[in-house]
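So this one's run06.pdb, PDB, C-alpha atoms:
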```pdb
MODEL        1
ATOM      1  CA  VAL A 828      11.069   1.343  -1.341
ATOM      2  CA  SER A 829      11.324  -0.163   2.153
ATOM      3  CA  ALA A 830      14.864  -1.243   1.306
ATOM      4  CA  LEU A 831      15.770   2.319   0.306
ATOM      5  CA  ASN A 832      14.319   3.724   3.518
ATOM      6  CA  ASN A 833      16.235   1.114   5.535
ATOM      7  CA  TYR A 834      19.488   2.145   3.834
ATOM      8  CA  ILE A 835      18.857   5.849   4.449
ATOM      9  CA  HIS A 836      18.118   5.312   8.136
ATOM     10  CA  CYS A 837      20.758   2.693   8.922
ATOM     11  CA  SER A 838      23.158   0.911   6.561
ATOM     12  CA  LEU A 839      23.469  -2.011   8.990
ATOM     13  CA  LYS A 840      19.706  -2.447   9.040
ATOM     14  CA  TYR A 841      19.740  -2.510   5.237
ATOM     15  CA  PHE A 842      22.595  -5.044   5.227
ATOM     16  CA  PHE A 843      20.869  -7.511   7.513
ATOM     17  CA  LYS A 844      17.272  -7.058   6.330
ATOM     18  CA  ASN A 845      17.749  -6.572   2.599
ATOM     19  CA  LEU A 846      21.057  -8.227   1.706
ATOM     20  CA  ILE A 847      21.452 -11.012   4.250
ATOM     21  CA  LEU A 848      17.636 -11.308   4.349
ATOM     22  CA  LEU A 849      17.314 -12.058   8.027
ATOM     23  CA  PRO A 850      13.638 -12.805   8.733
ATOM     24  CA  ASP A 851      11.543 -10.105  10.344
ATOM     25  CA  VAL A 852      10.109 -10.536  13.798
ATOM     26  CA  TYR A 853       6.406 -10.342  13.089
ATOM     27  CA  THR A 854       4.476  -8.442  15.718
ATOM     28  CA  PRO A 855       0.716  -8.943  16.067
ATOM     29  CA  PHE A 856       0.172  -5.527  14.481
ATOM     30  CA  LEU A 857       2.222  -6.459  11.398
ATOM     31  CA  VAL A 858       0.275  -9.697  11.045
ATOM     32  CA  TYR A 859      -2.936  -7.688  11.324
ATOM     33  CA  GLY A 860      -1.741  -5.218   8.689
ATOM     34  CA  ASN A 861      -0.921  -8.060   6.302
ATOM     35  CA  ALA A 862      -4.388  -9.525   6.826
ATOM     36  CA  VAL A 863      -5.986  -6.167   5.993
ATOM     37  CA  HIS A 864      -3.923  -5.888   2.803
ATOM     38  CA  THR A 865      -4.776  -9.452   1.789
ATOM     39  CA  ALA A 866      -8.476  -8.873   2.417
ATOM     40  CA  LEU A 867      -8.515  -5.706   0.310
ATOM     41  CA  GLU A 868      -6.597  -7.411  -2.502
ATOM     42  CA  GLU A 869      -8.969 -10.382  -2.642
ATOM     43  CA  TYR A 870     -12.052  -8.192  -2.243
ATOM     44  CA  PHE A 871     -11.151  -5.858  -5.102
ATOM     45  CA  ASN A 872     -10.118  -8.757  -7.342
ATOM     46  CA  ALA A 873     -13.513 -10.351  -6.709
ATOM     47  CA  SER A 874     -15.252  -7.018  -7.358
ATOM     48  CA  LYS A 875     -13.377  -6.670 -10.634
ATOM     49  CA  ASP A 876     -14.400 -10.170 -11.695
ATOM     50  CA  ALA A 877     -18.021  -9.448 -10.757
ATOM     51  CA  LYS A 878     -17.864  -6.042 -12.512
ATOM     52  CA  MET A 879     -19.450  -4.461  -9.467
ATOM     53  CA  VAL A 880     -18.370  -3.288  -6.013
ATOM     54  CA  LEU A 881     -19.260  -6.077  -3.612
ATOM     55  CA  ASP A 882     -20.982  -5.466  -0.279
ATOM     56  CA  ARG A 883     -19.322  -4.909   3.085
ATOM     57  CA  ASP A 884     -20.016  -8.467   4.254
ATOM     58  CA  MET A 885     -17.785  -9.782   1.478
ATOM     59  CA  LEU A 886     -14.918  -7.498   2.535
ATOM     60  CA  ILE A 887     -15.270  -8.614   6.150
ATOM     61  CA  ALA A 888     -15.429 -12.259   5.054
ATOM     62  CA  TYR A 889     -12.137 -11.904   3.160
ATOM     63  CA  PHE A 890     -10.580 -10.303   6.230
ATOM     64  CA  LYS A 891     -11.751 -13.086   8.541
ATOM     65  CA  LYS A 892     -10.393 -15.627   6.065
ATOM     66  CA  ALA A 893      -7.002 -13.871   6.071
ATOM     67  CA  MET A 894      -6.966 -13.737   9.860
ATOM     68  CA  ALA A 895      -7.804 -17.433  10.060
ATOM     69  CA  ARG A 896      -4.638 -18.141   8.045
ATOM     70  CA  SER A 897      -2.518 -15.920  10.289
ATOM     71  CA  VAL A 898      -0.242 -16.933  13.157
ATOM     72  CA  LEU A 899      -2.300 -15.113  15.792
ATOM     73  CA  PHE A 900      -4.076 -17.105  18.461
ATOM     74  CA  ASP A 901      -6.426 -16.683  21.417
ATOM     75  CA  GLY A 902      -6.660 -13.128  22.772
ATOM     76  CA  GLU A 903      -4.545 -11.485  20.068
ATOM     77  CA  TYR A 904      -6.500 -13.199  17.320
ATOM     78  CA  GLU A 905      -9.823 -12.137  18.812
ATOM     79  CA  ARG A 906      -8.672  -8.580  19.512
ATOM     80  CA  TYR A 907      -7.269  -7.922  16.037
ATOM     81  CA  THR A 908     -10.144  -9.696  14.300
ATOM     82  CA  GLU A 909     -12.625  -7.446  16.091
ATOM     83  CA  ARG A 910     -10.502  -4.393  15.287
ATOM     84  CA  GLY A 911     -10.383  -5.244  11.595
ATOM     85  CA  VAL A 912     -14.074  -6.088  11.288
ATOM     86  CA  ILE A 913     -14.992  -2.700  12.768
ATOM     87  CA  ALA A 914     -12.415  -0.752  10.763
ATOM     88  CA  LEU A 915     -13.102  -2.360   7.388
ATOM     89  CA  GLY A 916     -16.854  -2.219   7.880
ATOM     90  CA  MET A 917     -16.731   1.552   8.438
ATOM     91  CA  TYR A 918     -14.155   1.949   5.664
ATOM     92  CA  HIS A 919     -16.524   0.248   3.232
ATOM     93  CA  ASP A 920     -19.465   2.345   4.419
ATOM     94  CA  VAL A 921     -17.594   5.574   3.720
ATOM     95  CA  TYR A 922     -15.947   4.800   0.387
ATOM     96  CA  HIS A 923     -17.791   2.023  -1.458
ATOM     97  CA  GLU A 924     -19.856   4.387  -3.617
ATOM     98  CA  ILE A 925     -16.738   5.909  -5.202
ATOM     99  CA  TRP A 926     -14.720   2.708  -5.676
ATOM    100  CA  SER A 927     -13.882   1.591  -9.195
ATOM    101  CA  THR A 928     -13.606  -1.955 -10.517
ATOM    102  CA  ASN A 929     -11.325  -0.936 -13.404
ATOM    103  CA  LEU A 930      -8.156  -1.760 -11.511
ATOM    104  CA  ALA A 931      -5.179  -3.994 -10.844
ATOM    105  CA  THR A 932      -4.014  -5.169  -7.424
ATOM    106  CA  GLU A 933      -0.565  -6.114  -6.155
ATOM    107  CA  LEU A 934       1.026  -4.948  -9.414
ATOM    108  CA  TYR A 935       4.716  -5.914  -9.402
ATOM    109  CA  ILE A 936       7.031  -3.765 -11.529
ATOM    110  CA  LYS A 937      10.784  -3.903 -12.106
ATOM    111  CA  ARG A 938      12.773  -1.150 -13.808
ATOM    112  CA  ARG A 939      16.401  -0.833 -14.837
ATOM    113  CA  TYR A 940      18.275   2.458 -15.049
ATOM    114  CA  PRO A 941      21.602   2.643 -16.955
ATOM    115  CA  LEU A 942      24.392   4.312 -14.996
ATOM    116  CA  ASN A 943      27.266   6.421 -16.303
ATOM    117  CA  ASP A 944      29.844   3.714 -15.589
ATOM    118  CA  GLY A 945      28.041   1.235 -17.822
ATOM    119  CA  ASP A 946      26.426  -0.592 -14.940
ATOM    120  CA  GLU A 947      22.722  -0.448 -14.222
ATOM    121  CA  LEU A 948      20.490   0.175 -11.234
ATOM    122  CA  THR A 949      17.477  -2.085 -10.752
ATOM    123  CA  ILE A 950      14.477  -0.997  -8.718
ATOM    124  CA  SER A 951      11.329  -2.998  -8.111
ATOM    125  CA  GLY A 952       8.182  -2.750  -6.075
ATOM    126  CA  LYS A 953       4.604  -3.848  -5.677
ATOM    127  CA  LEU A 954       1.665  -1.450  -5.863
ATOM    128  CA  ASP A 955      -1.347  -2.229  -3.664
ATOM    129  CA  LYS A 956      -3.896  -0.968  -6.175
ATOM    130  CA  VAL A 957      -3.823   0.878  -9.497
ATOM    131  CA  GLU A 958      -7.058   2.401 -10.770
ATOM    132  CA  PHE A 959      -7.235   2.871 -14.542
ATOM    133  CA  LEU A 960      -8.993   6.191 -15.044
ATOM    134  CA  GLU A 961      -9.236   5.799 -18.808
ATOM    135  CA  SER A 962      -8.364   2.338 -20.083
ATOM    136  CA  GLU A 963      -6.535  -0.669 -18.714
ATOM    137  CA  ALA A 964      -4.413  -0.493 -21.854
ATOM    138  CA  GLY A 965      -3.084   2.967 -21.013
ATOM    139  CA  GLY A 966      -3.786   6.547 -19.971
ATOM    140  CA  ASN A 967      -4.162   8.213 -16.595
ATOM    141  CA  VAL A 968      -3.989   6.102 -13.457
ATOM    142  CA  ARG A 969      -4.354   6.566  -9.725
ATOM    143  CA  VAL A 970      -2.071   4.626  -7.369
ATOM    144  CA  ILE A 971      -3.540   3.576  -4.018
ATOM    145  CA  ASP A 972      -1.361   2.466  -1.118
ATOM    146  CA  TYR A 973      -3.155   1.052   1.924
ATOM    147  CA  LYS A 974      -1.935   1.976   5.381
ATOM    148  CA  THR A 975      -2.866   0.734   8.835
ATOM    149  CA  GLY A 976      -1.907   2.567  11.992
ATOM    150  CA  LYS A 977      -1.428   6.287  12.475
ATOM    151  CA  ALA A 978      -2.574   8.551   9.661
ATOM    152  CA  TYR A 979      -0.199  10.923   7.880
ATOM    153  CA  SER A 980      -1.467  13.940   9.833
ATOM    154  CA  GLU A 981      -0.849  12.130  13.141
ATOM    155  CA  LYS A 982       2.767  11.243  12.497
ATOM    156  CA  LYS A 983       4.948  13.458  14.665
ATOM    157  CA  ARG A 984       8.429  12.801  13.280
ATOM    158  CA  LYS A 985       9.605  14.364  10.034
ATOM    159  CA  GLU A 986      11.403  11.124   9.153
ATOM    160  CA  GLN A 987       8.115   9.198   9.178
ATOM    161  CA  LYS A 988       6.486  11.614   6.760
ATOM    162  CA  ALA A 989       9.618  11.713   4.602
ATOM    163  CA  ASP A 990       9.542   7.920   4.300
ATOM    164  CA  LEU A 991       5.978   8.049   3.007
ATOM    165  CA  GLU A 992       6.716  10.879   0.581
ATOM    166  CA  ARG A 993       9.750   8.974  -0.748
ATOM    167  CA  GLN A 994       7.522   5.966  -1.240
ATOM    168  CA  VAL A 995       5.150   8.023  -3.387
ATOM    169  CA  VAL A 996       7.979   9.229  -5.649
ATOM    170  CA  PHE A 997       9.235   5.654  -5.913
ATOM    171  CA  TYR A 998       5.855   4.493  -7.229
ATOM    172  CA  HIS A 999       5.958   7.183  -9.898
ATOM    173  CA  LEU A1000       9.437   6.079 -10.958
ATOM    174  CA  LEU A1001       8.246   2.493 -11.299
ATOM    175  CA  LEU A1002       5.343   3.460 -13.555
ATOM    176  CA  ASP A1003       7.198   6.063 -15.639
ATOM    177  CA  THR A1004       8.146   3.719 -18.482
ATOM    178  CA  TYR A1005       6.034   0.689 -17.550
ATOM    179  CA  LYS A1006       4.661  -0.869 -20.744
ATOM    180  CA  ASP A1007       6.560   1.717 -22.818
ATOM    181  CA  GLY A1008       5.143   4.621 -20.866
ATOM    182  CA  ALA A1009       1.506   3.687 -21.461
ATOM    183  CA  TYR A1010       0.410   5.068 -18.089
ATOM    184  CA  ARG A1011       0.526   8.499 -16.512
ATOM    185  CA  VAL A1012       0.187   8.726 -12.736
ATOM    186  CA  VAL A1013      -2.061  11.680 -11.988
ATOM    187  CA  GLU A1014      -2.000  11.104  -8.245
ATOM    188  CA  THR A1015      -0.915   8.708  -5.552
ATOM    189  CA  VAL A1016      -3.132   8.225  -2.513
ATOM    190  CA  LEU A1017      -2.012   6.980   0.889
ATOM    191  CA  ASP A1018      -5.260   5.398   2.035
ATOM    192  CA  PHE A1019      -5.446   4.942   5.808
ATOM    193  CA  VAL A1020      -8.003   2.224   6.469
ATOM    194  CA  GLU A1021      -8.533   3.013  10.143
ATOM    195  CA  LYS A1022     -10.051   6.182  11.541
ATOM    196  CA  THR A1023      -7.932   8.943  13.030
ATOM    197  CA  LYS A1024      -8.233  10.077  16.630
ATOM    198  CA  LYS A1025     -10.744  12.655  15.359
ATOM    199  CA  GLY A1026     -12.996   9.835  14.176
ATOM    200  CA  THR A1027     -12.564  10.369  10.430
ATOM    201  CA  PHE A1028     -10.807   8.492   7.659
ATOM    202  CA  GLU A1029      -7.799  10.107   6.019
ATOM    203  CA  GLN A1030      -6.535   9.886   2.462
ATOM    204  CA  LYS A1031      -3.326  11.785   1.758
ATOM    205  CA  THR A1032      -3.038  12.595  -1.938
ATOM    206  CA  PHE A1033       0.212  13.473  -3.711
ATOM    207  CA  ALA A1034       0.772  14.766  -7.231
ATOM    208  CA  VAL A1035       4.444  14.208  -8.077
ATOM    209  CA  GLN A1036       6.255  16.573 -10.433
ATOM    210  CA  ASP A1037       9.181  15.575 -12.673
ATOM    211  CA  THR A1038      11.546  17.584 -10.465
ATOM    212  CA  ASP A1039      10.616  15.372  -7.492
ATOM    213  CA  LYS A1040      12.031  12.331  -9.281
ATOM    214  CA  LYS A1041      15.534  13.725  -9.719
TER     215      LYS A1041
ENDMDL
END
```
Would you write out, as structure tokens, the structure that this file holds?
Amino acid sequence: VSALNNYIHCSLKYFFKNLILLPDVYTPFLVYGNAVHTALEEYFNASKDAKMVLDRDMLIAYFKKAMARSVLFDGEYERYTERGVIALGMYHDVYHEIWSTNLATELYIKRRYPLNDGDELTISGKLDKVEFLESEAGGNVRVIDYKTGKAYSEKKRKEQKADLERQVVFYHLLLDTYKDGAYRVVETVLDFVEKTKKGTFEQKTFAVQDTDKK
């Protein structure tokens, strides 16, 4: 969905980033965000294998491992490592009792839509985490998308919130007919893994209706 948002905001940005595939300039914050995502992916995969939610030290260990593989050095490495250890430790403290191990991480899905002119539109994306609320074989699911940085309620510009809402609809479209429609998305959660300025964690939950997908 990042490609779609790029196109909506600036066709030239879409051309260079998504067609020409010019490499991104990775800021320390983006590297940090990738390390957080990697840590959560590896932590939940390990929890699934163990059939139990692992302790906070394991989550922090996966984060430190991801940071050690990053391109950050010296002061930036130390600063973002400390930031992540604090954030993920508190995140685990707050949510670990309600986490499920019946899940899939980094689920890649590709869908094709036939168009009226005989051509087809292909969309694809990767879901951070899918929780199977009934069975891994099918039924209701919850989609979780991790976010670092400002929470939904702290975003000032309408365009920023619209990008996130479009992302939620996109996830629903991907799962609509996945495995012959075996899954039904009951909600999508934008899970902000760092505390807001008010000192609380925020999860923004969306329930998408069929009319939102048109």
Å distance separating atom CA of Asp882 of chain A from atom CA of Glu903 of chain A, one decimal place:
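Going from atom CA of Asp882 of chain A over to atom CA of Glu903 of chain A, I get 26.8 Å.
When atom CA of Lys956 of chain A is paired with atom CA of Ala877 of chain A, their separation reads 17.1 Å.
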Here atom CA of Glu924 of chain A and atom CA of Tyr870 of chain A stand apart by 14.9 Å
Work out where the centre of an axis-aligned box around every listed atom of segment 862-879 of chain A lies and how long its edges are once 8 Å is added on each side; give both in Å to one decimal as AutoDock Vina command-line options.
```
--center_x -11.7 --center_y -7.4 --center_z -2.8 --size_x 31.5 --size_y 21.9 --size_z 35.3
```
Ala964 of chain A: which residues within 12 Å, counting only C-alpha atoms, same-chain residues fewer than 4 positions away excluded, as a list of chain:residue names?
A:Asn929, A:Leu930, A:Ala931, A:Glu958, A:Phe959, A:Leu960, A:Val968, A:Tyr1005, A:Lys1006, A:Asp1007, A:Gly1008, A:Ala1009, A:Tyr1010, A:Arg1011
Compile the contact shell of segment 853-856 of chain A as a VMD selection string: residues with an atom at most 9 Å away, counting only C-alpha atoms, same-chain residues fewer than 5 positions apart removed.
chain A and resid 861 898 to 899 903 to 904 907 975 to 976
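For the file shown, the residue list from the PyMOL selection byres ((chain A and resi 922) around 12) reads Val880, Asp882, Arg883, Leu915, Gly916, Met917, Tyr918, His919, Asp920, Val921, His923, Glu924, Ile925, Trp926, Ser927, Asp1018, Phe1019, Val1020, Thr1027, Phe1028, Glu1029 and Gln1030 of chain A.
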What do you get, as a list in words, if you spell out every residue that the PyMOL selection byres ((chain A and resi 955) around 6) selects here?
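With the PyMOL selection byres ((chain A and resi 955) around 6) on this model, the match is Thr932, Glu933, Leu954, Lys956 and Asp972 of chain A.
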From the list A:Ala873, A:Thr1032, A:Val863, A:Asn943, which residue is nearest Ile913 of chain A when using all atoms listed in the file?
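Checking each of A:Ala873, A:Thr1032, A:Val863, A:Asn943 against Ile913 of chain A, counting all atoms listed in the file, the winner is A:Val863.
Among the candidates A:Met879, A:Lys977, A:Lys891, A:Thr928, the one nearest to Ser962 of chain A when counting only C-alpha atoms is A:Thr928.
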What does the PyMOL selection byres ((chain A and resi 979) around 8) select in this file, as a list in words?
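That expression, the PyMOL selection byres ((chain A and resi 979) around 8), corresponds here to Lys977, Ala978, Ser980, Glu981, Lys982, Lys988, Glu1029 and Lys1031 of chain A.
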Residues within 7 Å of (-5.1, -14.0, 8.0), file coords, all atoms listed in the file, listed as a CSV table (one decimal) with C-alpha atoms, in the frame of the given file:
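Contents of the output file part_36.csv:
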```csv
chain,number,residue,atom,x,y,z
A,862,ALA,CA,-4.4,-9.5,6.8
A,890,PHE,CA,-10.6,-10.3,6.2
A,891,LYS,CA,-11.8,-13.1,8.5
A,892,LYS,CA,-10.4,-15.6,6.1
A,893,ALA,CA,-7.0,-13.9,6.1
A,894,MET,CA,-7.0,-13.7,9.9
A,895,ALA,CA,-7.8,-17.4,10.1
A,896,ARG,CA,-4.6,-18.1,8.0
A,897,SER,CA,-2.5,-15.9,10.3
```
Of the candidates A:Ser951, A:Gln987, A:Lys1022, A:Ala914, which shows the shortest atom-to-atom distance to His999 of chain A, using only C-alpha atoms?
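Going through A:Ser951, A:Gln987, A:Lys1022, A:Ala914 one by one, the smallest distance to His999 of chain A is for A:Ser951.
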With distances taken over only C-alpha atoms, which of A:Leu942, A:Val957, A:Leu934, A:Val912 is nearest to Leu886 of chain A?
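Comparing A:Leu942, A:Val957, A:Leu934, A:Val912 against Leu886 of chain A, the winner is A:Val912.
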